[in-house]
Each structure stands twice: as C-alpha cells, then as structure tokens.
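In what follows, a single structure is set out as structure tokens and then discussed.
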Amino acid sequence: MSELLDLVHTHYTGLESGDLELAASPFADDVASEFPSGPLAGIDALRGLIQAFITAFPDMKLTRRNIWLDGDTAVAEVTFSGTQTGPLATPQGEVPPSGRPVTFPLIDIFTMRSGKVVEHRGYWDNVSFLTQLGLLPAPAES
C-alpha cells in the first residue's frame with residue numbers, strides 16, 4: 001500500500017472512531033482545504049470541521065467504494081452515513097441534534113507532499129445533506 005493511501009485510510013479511521021487527533025494526523029500544518037461550506041486555510045480550521053462532524057455524527061461511517069492514486073494525488077469515492085445525535089457547528093451557528101440519519105455520496109481528493117496531505121478537497125451534494133437534516137424542504141413531488 002502506498003504512503004498516500006495509508007494517510008487516506010488513517011483519516012477515515014480517525015473520523016469513524018471519533019479520534020480527532022488520528023483524523024487530523026495526515027495533514028500538514030498549512031493544509032489548504034475546500035468543502036461545500038467554503039475554503040479552509042491551515043490545520044486548525046480543518047480540525048474544527050473534523051470536530052464538528054465527529055460531534056454531530058458520532059456513529060459516522062465512510063464506506064469506501066473506490067480509491068484511485070495518480071502520483072501524489074488520491075481520489076476517494078465514499079458514502080457518508082450517520083445519525084445527527086450531537087450539535088453540528090456551522091459558520092452560521094449551531095444546528096441542534098435532529099436525530100435524523102443522513103447518507104450521501106462524497107468525493108475526497110488528497111494531495112501529498114513530503115509525507116503529509118497539503119491539499120484536501122471534499123465534494124458532496126449539500127442540498128441533499130441539509131434536506132436530510134430537515135434544514136431545507138424536501139423537493140416537491142411531481
């Protein structure tokens with residue numbers, strides 16, 4: 001297994017076990033991240049996002065479908081699932097626990113240099129995620 005693949009699996013293992021230190025350990029201090037909520041600069045900002053999901057979804061699972069490696073970059077296709085039993089910290093304020101389960105596909109892209117992940121981008125359908133949490137109305141039936 002490649003060093004980068006090990007870092008990806010370490011990140012996911014930390015998320016699933018609720019271990020912030022383990023989940024954040026693959027990333028460089030100056031990691032540049034991008035998510036549906038916007039860009040994040042540095043490990044402290046990324047740690048905040050990781051902690052928000054660990055707190056809100058302590059039972060989270062990241063089912064790995066495919067992981068492709070190309071040089072210093074890995075692209076992971078996963079399915080996120082969990083139940084929001086804790087508060088979810090967001091830039092707009094805290095979302096109280098809803099008790100609702102969520103499941104959505106997610107694409108993660110990791111770029112490594114000198115043994116650490118220096119770029120991390122995560123893409124998912126935020127409308128689907130927020131609708132499942134009850135924060136947006138369900139689409140009208142046709």
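Letters for chains follow the order of the structure tokens (A, B, ...), residue numbers begin at 1 for each chain, and ligand numbers begin at 1 in the order shown.
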
Determine, using only C-alpha atoms, which residues of stretch 16-36 of chain A have any atom at most 8 Å from an atom of stretch 46-69 of chain A, and tabulate each with its shortest atom pair and distance in Å to one decimal place, rows ordered by chain and then rising number, as a Markdown table.
```
| residue | atom | partner | partner_atom | distance |
| --- | --- | --- | --- | --- |
| A:Glu16 | CA | A:Met60 | CA | 5.5 |
| A:Ser17 | CA | A:Pro58 | CA | 7.9 |
| A:Gly18 | CA | A:Ile54 | CA | 5.5 |
| A:Leu20 | CA | A:Gln51 | CA | 6.3 |
| A:Ala23 | CA | A:Ile50 | CA | 7.5 |
| A:Ala24 | CA | A:Arg47 | CA | 6.3 |
| A:Ser33 | CA | A:Leu46 | CA | 7.2 |
```

Take the residues from that selection and put them in a file with C-alpha atoms, as a compact mmCIF listing (two decimals), in the first residue's frame.
```txt
# COMPACT_ATOMS: atom_id res chain seq x y z
CA GLU A 16 -15.13 6.74 12.15
CA SER A 17 -13.63 6.19 15.60
CA GLY A 18 -14.24 9.78 16.72
CA LEU A 20 -9.77 13.96 16.18
CA ALA A 23 -8.26 12.05 11.74
CA ALA A 24 -6.13 15.21 11.55
CA SER A 33 -8.95 22.58 2.13
```

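Of the residues listed (A:Ala28, A:Leu135, A:Leu5, A:Val75), A:Leu135 shows the shortest atom-to-atom separation from A:Leu88; distances use only C-alpha atoms.
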
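Using only C-alpha atoms, the smallest distance between any of A:Leu136, A:Val118, A:Ile109, A:Asp72 and A:Ser25 comes from A:Val118.
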
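Proximity to A:His11 at 7 Å, evaluated using only C-alpha atoms and with sequence-adjacent residues fewer than 3 positions away removed, yields A:Leu7, A:Val8, A:Gly14, A:Leu15, A:Leu22, A:Ala23, A:Ala24, A:Pro26.
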
Taking only C-alpha atoms into account, name the residue in A:Ala89, A:Leu40, A:Val31, A:Val102 that is nearest to A:Val127. A:Val102

Closest of A:Gly71, A:Ala41, A:Gln132, A:Thr79 to A:Arg113, counting only C-alpha atoms, is A:Gly71

DSSP strand (DSSP E) residues within stretch 1-125 of chain A, as a PyMOL selection string: chain A and resi 27-35+38-41+61-70+73-83+88-90+93-95+101-113+116-124

Please provide as number ranges by chain all residues within 12 Å of A:Asp70, with the sequence filter that same-chain residues fewer than 6 positions apart are discarded (counting only C-alpha atoms). A: 2, 4-5, 76, 109-112

Which is closer to A:Ser81 than all the others in A:Ala140, A:Thr103, A:Thr131, A:Gly42, using only C-alpha atoms? A:Thr103

Of A:Pro101, A:Pro91, A:Gly86, A:Pro36, the one nearest to A:Trp124 when counting only C-alpha atoms is A:Pro36
